[in-house]
Structure formats: C-alpha cells, structure tokens
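Reproduced below: coords_6.txt, with compact mmCIF, C-alpha atoms.
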```
# COMPACT_ATOMS: atom_id res chain seq x y z
CA MET A 277 -48.56 66.46 -8.38
CA ASP A 278 -48.38 63.76 -11.03
CA ARG A 279 -44.89 62.76 -12.11
CA VAL A 280 -43.99 63.58 -15.74
CA ALA A 281 -43.81 60.46 -17.87
CA GLY A 282 -40.27 59.16 -18.07
CA GLU A 283 -39.01 61.27 -15.16
CA THR A 284 -36.95 59.49 -12.53
CA PRO A 285 -38.35 60.05 -8.99
CA SER A 286 -35.88 61.79 -6.67
CA GLN A 287 -35.81 58.81 -4.31
CA ALA A 288 -34.72 56.61 -7.23
CA LEU A 289 -31.64 58.71 -8.04
CA PRO A 290 -28.29 57.22 -6.99
CA GLU A 291 -26.92 58.44 -3.68
CA ASP A 292 -23.31 58.02 -4.74
CA PRO A 293 -22.20 61.36 -6.30
CA ARG A 294 -20.13 59.52 -8.89
CA GLU A 295 -23.08 57.39 -9.99
CA LEU A 296 -25.28 60.50 -10.09
CA ALA A 297 -22.72 62.30 -12.26
CA ILE A 298 -22.61 59.33 -14.64
CA LEU A 299 -26.42 59.31 -14.84
CA TRP A 300 -26.64 62.99 -15.77
CA ARG A 301 -23.69 62.70 -18.17
CA ASN A 302 -25.45 59.87 -20.00
CA ARG A 303 -28.65 61.89 -20.17
CA PHE A 304 -26.77 64.87 -21.56
CA LEU A 305 -25.04 62.76 -24.21
CA MET A 306 -28.37 61.27 -25.28
CA LEU A 307 -29.87 64.75 -25.73
CA PHE A 308 -26.68 66.05 -27.36
CA ASP A 309 -26.69 63.21 -29.88
CA HIS A 310 -30.30 63.92 -30.92
CA LEU A 311 -29.90 67.65 -31.54
CA PRO A 312 -30.49 68.39 -35.24
CA LEU A 313 -27.75 71.04 -35.40
CA PRO A 314 -24.22 69.67 -36.17
CA ILE A 315 -22.20 70.21 -32.96
CA ALA A 316 -18.70 69.31 -31.79
CA VAL A 317 -16.67 69.83 -28.62
CA CYS A 318 -12.90 70.22 -29.06
CA ASP A 319 -9.88 71.14 -27.00
CA THR A 320 -8.05 74.39 -27.71
CA ALA A 321 -5.76 72.60 -30.18
CA GLY A 322 -8.82 71.64 -32.24
CA ARG A 323 -8.80 67.92 -31.36
CA ILE A 324 -12.33 66.54 -31.26
CA HIS A 325 -13.64 65.22 -27.95
CA VAL A 326 -17.18 64.43 -29.06
CA VAL A 327 -19.55 65.19 -31.93
CA ASN A 328 -23.23 64.58 -32.28
CA ARG A 329 -24.95 62.47 -34.89
CA ALA A 330 -25.83 65.48 -37.09
CA MET A 331 -22.15 66.47 -37.38
CA GLY A 332 -21.16 62.92 -38.24
CA ILE A 333 -23.83 62.76 -40.96
CA GLU A 334 -22.69 66.10 -42.42
CA LEU A 335 -19.08 64.91 -42.58
CA GLY A 336 -19.95 61.38 -43.68
CA VAL A 337 -18.10 59.76 -40.76
CA LEU A 338 -19.45 57.82 -37.79
CA PRO A 339 -19.30 60.09 -34.70
CA GLY A 340 -17.21 57.58 -32.76
CA HIS A 341 -14.55 57.62 -35.50
CA LEU A 342 -14.03 61.37 -35.17
CA SER A 343 -12.74 61.40 -31.59
CA GLY A 344 -9.16 62.66 -31.47
CA ARG A 345 -9.23 63.97 -35.03
CA LYS A 346 -8.44 67.61 -35.73
CA ILE A 347 -11.57 69.51 -36.70
CA LEU A 348 -9.63 71.67 -39.18
CA GLU A 349 -8.68 68.55 -41.14
CA LEU A 350 -12.39 68.21 -41.87
CA LEU A 351 -13.69 71.79 -42.01
CA ARG A 352 -11.41 74.15 -43.95
CA PRO A 353 -11.44 77.77 -42.72
CA GLN A 354 -11.56 80.47 -45.40
CA GLY A 355 -9.97 83.91 -45.39
CA ARG A 356 -6.73 85.27 -43.97
CA ARG A 357 -5.93 83.97 -40.48
CA PRO A 358 -9.60 83.46 -39.54
CA LEU A 359 -8.74 81.75 -36.25
CA ARG A 360 -6.73 84.63 -34.78
CA PRO A 361 -9.74 86.05 -32.79
CA VAL A 362 -10.43 82.59 -31.34
CA MET A 363 -6.81 82.08 -30.26
CA GLU A 364 -6.77 85.53 -28.69
CA ALA A 365 -10.04 84.82 -26.86
CA VAL A 366 -8.62 81.57 -25.43
CA ARG A 367 -5.45 83.36 -24.31
CA LEU A 368 -7.38 86.17 -22.60
CA GLN A 369 -10.11 83.84 -21.27
CA ARG A 370 -12.84 85.66 -23.14
CA ARG A 371 -16.19 83.98 -23.54
CA SER A 372 -17.85 85.01 -26.79
CA GLN A 373 -18.88 83.53 -30.14
CA TYR A 374 -16.67 83.63 -33.23
CA PRO A 375 -18.19 82.68 -36.61
CA ILE A 376 -15.88 81.71 -39.48
CA GLU A 377 -16.60 80.56 -43.02
CA VAL A 378 -15.61 76.96 -43.76
CA LEU A 379 -15.63 74.55 -46.68
CA TRP A 380 -15.83 70.76 -46.50
CA THR A 381 -16.56 67.70 -48.60
CA ALA A 382 -19.96 66.24 -47.82
CA ALA A 383 -20.73 62.54 -47.70
CA ASP A 384 -21.94 62.58 -51.31
CA GLY A 385 -18.65 64.07 -52.53
CA THR A 386 -19.93 67.60 -53.14
CA GLU A 387 -18.10 70.64 -51.83
CA ARG A 388 -20.14 72.41 -49.17
CA ARG A 389 -19.81 75.76 -47.46
CA GLY A 390 -21.13 76.99 -44.16
CA GLU A 391 -20.57 79.03 -41.04
CA LEU A 392 -18.79 77.42 -38.11
CA THR A 393 -19.38 79.23 -34.83
CA ILE A 394 -16.73 78.68 -32.15
CA GLU A 395 -17.32 79.52 -28.49
CA PRO A 396 -14.78 78.92 -25.68
CA VAL A 397 -16.54 77.38 -22.67
CA SER A 398 -15.49 75.99 -19.29
CA ASP A 399 -17.10 74.69 -16.12
CA LEU A 400 -15.10 76.94 -13.80
CA PRO A 401 -13.37 80.30 -14.42
CA ASP A 402 -9.90 78.85 -13.83
CA ASP A 403 -10.40 75.70 -15.92
CA ASP A 404 -8.78 75.25 -19.30
CA PRO A 405 -11.54 76.04 -21.78
CA LYS A 406 -13.02 73.72 -24.33
CA LEU A 407 -14.29 74.87 -27.71
CA LEU A 408 -17.98 74.40 -28.47
CA LEU A 409 -18.58 74.45 -32.22
CA TRP A 410 -21.76 74.35 -34.24
CA LEU A 411 -22.11 74.29 -38.01
CA ARG A 412 -24.66 76.09 -40.13
CA THR A 413 -24.77 74.84 -43.71
CA LEU A 414 -25.09 77.57 -46.34
CA GLY A 415 -25.08 75.42 -49.49
CA PRO A 416 -22.67 74.27 -52.20
CA SER A 417 -19.25 75.89 -52.41
CA ALA A 418 -19.13 78.86 -54.75
CA THR A 419 -16.26 77.15 -56.61
CA ALA A 420 -18.25 73.97 -57.22
CA PRO A 421 -21.29 73.60 -59.52
CA ALA A 422 -24.27 72.40 -57.52
CA ASP A 423 -25.09 69.57 -59.94
CA ARG A 424 -21.77 67.68 -59.86
CA PRO A 425 -18.70 67.12 -57.68
CA THR A 426 -15.74 69.36 -58.35
CA GLU A 427 -12.48 68.15 -59.91
CA ARG A 428 -10.54 70.79 -57.98
CA VAL A 429 -8.90 69.88 -54.70
CA SER A 430 -7.57 71.78 -51.72
CA PRO A 431 -3.83 72.58 -51.52
CA VAL A 432 -3.29 69.94 -48.82
CA GLU A 433 -5.11 67.31 -50.92
CA ALA A 434 -2.91 68.16 -53.89
CA ARG A 435 0.20 67.68 -51.73
CA ILE A 436 -1.16 64.35 -50.49
CA LEU A 437 -1.76 63.20 -54.07
CA ALA A 438 1.74 64.28 -55.14
CA ALA A 439 3.28 62.33 -52.26
CA ALA A 440 1.12 59.29 -53.06
CA ALA A 441 2.30 59.50 -56.68
CA ARG A 442 5.90 59.24 -55.42
CA GLY A 443 4.96 56.04 -53.60
CA ALA A 444 5.10 57.51 -50.09
CA THR A 445 3.41 55.55 -47.32
CA THR A 446 0.52 57.03 -45.40
CA ALA A 447 2.79 57.70 -42.41
CA GLN A 448 5.34 59.44 -44.64
CA ILE A 449 2.62 61.57 -46.22
CA ALA A 450 1.29 62.52 -42.77
CA ARG A 451 4.70 63.81 -41.70
CA GLU A 452 5.17 65.69 -44.96
CA VAL A 453 1.83 67.54 -44.89
CA ASP A 454 1.68 67.89 -41.07
CA LEU A 455 -1.47 65.85 -40.57
CA THR A 456 -2.25 62.74 -38.58
CA VAL A 457 -2.35 59.36 -40.34
CA ASP A 458 -6.13 59.40 -39.85
CA GLY A 459 -6.26 62.84 -41.45
CA VAL A 460 -4.42 61.61 -44.54
CA ASN A 461 -6.65 58.55 -44.78
CA TYR A 462 -9.69 60.80 -44.47
CA HIS A 463 -8.63 62.92 -47.46
CA LEU A 464 -7.65 59.88 -49.56
CA THR A 465 -10.96 58.17 -48.82
CA ARG A 466 -12.94 61.31 -49.66
CA LEU A 467 -11.09 61.76 -52.95
CA THR A 468 -11.62 58.09 -53.80
CA ARG A 469 -15.37 58.46 -53.23
CA ARG A 470 -15.59 61.81 -54.99
CA TRP A 471 -13.81 60.57 -58.10
CA HIS A 472 -15.38 57.08 -58.02
CA VAL A 473 -12.08 55.19 -58.23
CA PRO A 474 -11.29 51.87 -56.52
CA ASN A 475 -7.81 52.43 -55.06
CA ARG A 476 -4.82 54.74 -54.58
CA THR A 477 -3.27 53.86 -57.95
CA ALA A 478 -6.42 54.89 -59.79
CA LEU A 479 -6.64 58.00 -57.62
CA VAL A 480 -3.17 59.12 -58.72
CA ALA A 481 -4.03 58.39 -62.36
CA ARG A 482 -7.18 60.50 -62.05
CA ALA A 483 -5.17 63.32 -60.48
CA TYR A 484 -2.89 63.39 -63.54
CA ALA A 485 -5.81 63.05 -65.98
CA THR A 486 -7.68 65.99 -64.44
CA GLY A 487 -4.62 68.25 -64.18
CA VAL A 488 -4.34 68.23 -60.39
CA LEU A 489 -0.77 66.92 -60.73
CA ALA A 490 1.62 68.50 -63.19
CA PRO A 491 2.47 66.23 -66.15
CA ASP A 492 6.02 65.35 -67.20
CA THR A 493 7.65 66.22 -63.87
CA TRP A 494 9.55 64.21 -61.31
CA PRO A 495 9.16 64.16 -58.42
CA PRO A 496 5.41 64.63 -58.79
CA ARG A 497 4.09 68.03 -57.80
CA PRO A 498 0.70 69.80 -57.84
CA SER A 499 -0.20 71.67 -60.99
CA ALA A 500 -0.50 75.44 -60.71
CA ASP A 501 -3.99 75.17 -62.22
CA GLY A 502 -5.12 72.11 -60.29
CA THR A 503 -5.90 73.61 -56.90
CA PRO A 504 -7.72 76.65 -55.62
CA SER A 505 -5.60 79.70 -54.94
CA GLY A 506 -7.01 80.23 -51.46
```
Please, can you express the file's structure as structure tokens?
Amino acid sequence: MDRVAGETPSQALPEDPRELAILWRNRFLMLFDHLPLPIAVCDTAGRIHVVNRAMGIELGVLPGHLSGRKILELLRPQGRRPLRPVMEAVRLQRRSQYPIEVLWTAADGTERRGELTIEPVSDLPDDDPKLLLWLRTLGPSATAPADRPTERVSPVEARILAAAARGATTAQIAREVDLTVDGVNYHLTRLTRRWHVPNRTALVARAYATGVLAPDTWPPRPSADGTPSG
C-alpha cells in the first residue's frame, strides 16, 4: 500500500518513548494551533496553559503572551454565579460540557459576546482535570452599538481607572482589584486602544470626561452611571 504523503514511516519513528511522546505532542500542537475555533486549555483555577491562534486573534493577544493569565480576566461571565456548575463538576469529577455567556473586548476595541463552553478533561480517571474551553462568537454585545466602541466599562475596569486616577502603581492596582499585574496591564492597554489615547494620564482624563469616574470627588471613585449594573 502506498504511504500517504507526509506520513512518517513506522520504522522512522523514534524508539525512545520520550522522543516519541515529544513527536506526537508537537504534531498535536501544530494541529491545535491551526483549528479555526478559538480554544484554550486551563487548570481548574482558570489559569491558561495554552491557547490556539484563533483564540489569540479573538482576544487581540499573541497566544504565547496568554500563558499563565486567568481566562476570566479576558472573558467576562454573565449572569448570577455562572461557574457554579463547573466548580461542582470538577469537585465530583463529572465529565460534561457547560456553556456560559461571556463578554469581552475584541482586538478592534468593540465589545463582543459569545458562548464559552467549558469541559473538564483528564488523561486518567484519578488525574487532576484540566478545563478545555472553546468560544463561539455570537456578535456585538447587546449593550454596545455595532457601529462604534462603547464608552461604558466593566466594574473592574472602573475600579482600575479610579485607582490609576489616585496615582496607584500597577502592582498596587493589582492587589486592590484582585488581579495579576498582567491582568491590570491588559485592561489598561485595551482601554487605551478603545479610547484612542496615548497614555495613562489621558486615559484617566477620558474616564472623567465620559462620566466613568465621578467628578468632584476625592479619592476618585467610579460613577454610578459609568459602568454596567451587571
């Protein structure tokens, strides 16, 4: 029988099990990276192990820069306690699929919405599971007009802006809002791109001008009308 083009003959495969495992891992990662569906693999705390190219494009971040980040700093779950079924499934070692609605800021600054499906997976029954996630884009956020970026920000972004207005460092902001330093930088960078401003000073000024931060108050605080209620 003729060998399929590009297939490695069995006699050419490495005999060392470790080298063979590396070979198949590299093949898997190549296929994973070329899948058109945005996919991520996380631990049960939501820290990203690996994402494919489609997920990086959707989030506007190079895939290699997402490793170690918390997925929920990037994709914002909607509804009341939407992750409870997933946490219960991990605790009871259930293997099923759990879709949740999420919002995020796309690379062009528009607010997007979609369905994130989470599935606990593991190689062996007794292994700690990983979370396999894939994202289905549904379109612009219902709170954002499709033809322009929104001026509204999430509650955590409003808190970040208020802390920045007080002159807090990135590390201080991270501790205050319970994010990583990378998570804070991610939100600041996204807001800078969305509002087309050159630096943090201009970002704070824009936050006051658009009503995200309450005027005539010290210390700075988010305006009641500047952020979504959910």
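Distances here use all atoms listed in the file; by that measure, the residue among A:Val366, A:Ala440, A:Ala447, A:Ala316 closest to A:Leu351 is A:Ala316.
The two atoms in question, atom CA of A:Ala365 and atom CA of A:Pro405, are spaced 10.3 Å apart.
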By how many Å are atom CA of A:Thr477 and atom CA of A:Arg451 apart?
-> 20.7 Å
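In terms of minimum interatomic distance to A:Thr386, A:Leu335 ranks closest within A:Ala297, A:Met363, A:Leu335, A:Val327, counting all atoms listed in the file.
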Spatial neighbours of stretch 339-345 of chain A, 6 Å, only C-alpha atoms, chain gap at least 5 places, as an mmCIF file with C-alpha atoms, in the frame of the given file:
```
data_model
loop_
_atom_site.group_PDB
_atom_site.id
_atom_site.type_symbol
_atom_site.label_atom_id
_atom_site.label_comp_id
_atom_site.auth_asym_id
_atom_site.auth_seq_id
_atom_site.Cartn_x
_atom_site.Cartn_y
_atom_site.Cartn_z
ATOM 1 C CA ARG A 323 -8.800 67.920 -31.360
ATOM 2 C CA ILE A 324 -12.330 66.540 -31.260
ATOM 3 C CA HIS A 325 -13.640 65.220 -27.950
ATOM 4 C CA VAL A 326 -17.180 64.430 -29.060
ATOM 5 C CA VAL A 327 -19.550 65.190 -31.930
ATOM 6 C CA GLY A 332 -21.160 62.920 -38.240
#
```
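In this comparison, which uses only C-alpha atoms, the residue of A:Pro431, A:Thr320, A:Arg442, A:Ala485 approaching A:Val397 most closely is A:Thr320.
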Using all atoms listed in the file, I'd like a table of the residues in stretch 320-434 of chain A that come within 8 Å of stretch 301-310 of chain A; for each, show the closest atom pair and its distance in Å rounded to one decimal, ordered by chain and ascending number, as CSV.
```
residue,atom,partner,partner_atom,distance
A:Val327,CA,A:Asp309,CA,7.7
A:Asn328,CA,A:Asp309,CA,4.4
A:Arg329,CA,A:Asp309,CA,5.4
A:Ala330,CA,A:Asp309,CA,7.6
```
Could those selected residues go to a file with C-alpha atoms, as an mmCIF file, in the frame of the given file?
```cif
data_model
loop_
_atom_site.group_PDB
_atom_site.id
_atom_site.type_symbol
_atom_site.label_atom_id
_atom_site.label_comp_id
_atom_site.auth_asym_id
_atom_site.auth_seq_id
_atom_site.Cartn_x
_atom_site.Cartn_y
_atom_site.Cartn_z
ATOM 1 C CA VAL A 327 -19.550 65.190 -31.930
ATOM 2 C CA ASN A 328 -23.230 64.580 -32.280
ATOM 3 C CA ARG A 329 -24.950 62.470 -34.890
ATOM 4 C CA ALA A 330 -25.830 65.480 -37.090
#
```
Computed gap from atom CA of A:Glu387 to atom CA of A:Val453 is 21.3 Å
Could you add whatever atoms are missing so that stretch 302-318 of chain A carries N, CA and C atoms, then write the result as a PDB file, in the coordinates of the input?
```pdb
ATOM      1  N   ASN A 302     -24.824  60.705 -18.981  1.00  0.00           N
ATOM      2  CA  ASN A 302     -25.450  59.870 -20.000  1.00  0.00           C
ATOM      3  C   ASN A 302     -26.711  60.526 -20.564  1.00  0.00           C
ATOM      4  N   ARG A 303     -27.463  61.192 -19.689  1.00  0.00           N
ATOM      5  CA  ARG A 303     -28.650  61.890 -20.170  1.00  0.00           C
ATOM      6  C   ARG A 303     -28.264  63.041 -21.100  1.00  0.00           C
ATOM      7  N   PHE A 304     -27.224  63.771 -20.707  1.00  0.00           N
ATOM      8  CA  PHE A 304     -26.770  64.870 -21.560  1.00  0.00           C
ATOM      9  C   PHE A 304     -26.326  64.362 -22.916  1.00  0.00           C
ATOM     10  N   LEU A 305     -25.533  63.287 -22.940  1.00  0.00           N
ATOM     11  CA  LEU A 305     -25.040  62.760 -24.210  1.00  0.00           C
ATOM     12  C   LEU A 305     -26.175  62.278 -25.098  1.00  0.00           C
ATOM     13  N   MET A 306     -27.221  61.719 -24.495  1.00  0.00           N
ATOM     14  CA  MET A 306     -28.370  61.270 -25.280  1.00  0.00           C
ATOM     15  C   MET A 306     -29.053  62.467 -25.939  1.00  0.00           C
ATOM     16  N   LEU A 307     -29.252  63.547 -25.166  1.00  0.00           N
ATOM     17  CA  LEU A 307     -29.870  64.750 -25.730  1.00  0.00           C
ATOM     18  C   LEU A 307     -28.955  65.381 -26.782  1.00  0.00           C
ATOM     19  N   PHE A 308     -27.671  65.470 -26.458  1.00  0.00           N
ATOM     20  CA  PHE A 308     -26.680  66.050 -27.360  1.00  0.00           C
ATOM     21  C   PHE A 308     -26.688  65.324 -28.701  1.00  0.00           C
ATOM     22  N   ASP A 309     -26.758  64.008 -28.662  1.00  0.00           N
ATOM     23  CA  ASP A 309     -26.690  63.210 -29.880  1.00  0.00           C
ATOM     24  C   ASP A 309     -27.920  63.395 -30.753  1.00  0.00           C
ATOM     25  N   HIS A 310     -29.070  63.787 -30.151  1.00  0.00           N
ATOM     26  CA  HIS A 310     -30.300  63.920 -30.920  1.00  0.00           C
ATOM     27  C   HIS A 310     -30.572  65.345 -31.381  1.00  0.00           C
ATOM     28  N   LEU A 311     -29.697  66.286 -31.045  1.00  0.00           N
ATOM     29  CA  LEU A 311     -29.900  67.650 -31.540  1.00  0.00           C
ATOM     30  C   LEU A 311     -29.721  67.678 -33.052  1.00  0.00           C
ATOM     31  N   PRO A 312     -30.592  68.385 -33.778  1.00  0.00           N
ATOM     32  CA  PRO A 312     -30.490  68.390 -35.240  1.00  0.00           C
ATOM     33  C   PRO A 312     -29.352  69.260 -35.776  1.00  0.00           C
ATOM     34  N   LEU A 313     -28.828  70.168 -34.960  1.00  0.00           N
ATOM     35  CA  LEU A 313     -27.750  71.040 -35.400  1.00  0.00           C
ATOM     36  C   LEU A 313     -26.408  70.322 -35.258  1.00  0.00           C
ATOM     37  N   PRO A 314     -25.541  70.320 -36.286  1.00  0.00           N
ATOM     38  CA  PRO A 314     -24.220  69.670 -36.170  1.00  0.00           C
ATOM     39  C   PRO A 314     -23.365  70.377 -35.115  1.00  0.00           C
ATOM     40  N   ILE A 315     -22.932  69.635 -34.092  1.00  0.00           N
ATOM     41  CA  ILE A 315     -22.200  70.210 -32.960  1.00  0.00           C
ATOM     42  C   ILE A 315     -20.985  69.353 -32.656  1.00  0.00           C
ATOM     43  N   ALA A 316     -19.905  70.007 -32.233  1.00  0.00           N
ATOM     44  CA  ALA A 316     -18.700  69.310 -31.790  1.00  0.00           C
ATOM     45  C   ALA A 316     -18.132  70.017 -30.576  1.00  0.00           C
ATOM     46  N   VAL A 317     -17.419  69.267 -29.737  1.00  0.00           N
ATOM     47  CA  VAL A 317     -16.670  69.830 -28.620  1.00  0.00           C
ATOM     48  C   VAL A 317     -15.214  69.442 -28.822  1.00  0.00           C
ATOM     49  N   CYS A 318     -14.323  70.448 -28.805  1.00  0.00           N
ATOM     50  CA  CYS A 318     -12.900  70.220 -29.060  1.00  0.00           C
ATOM     51  C   CYS A 318     -12.070  70.825 -27.940  1.00  0.00           C
TER      52      CYS A 318
END
```
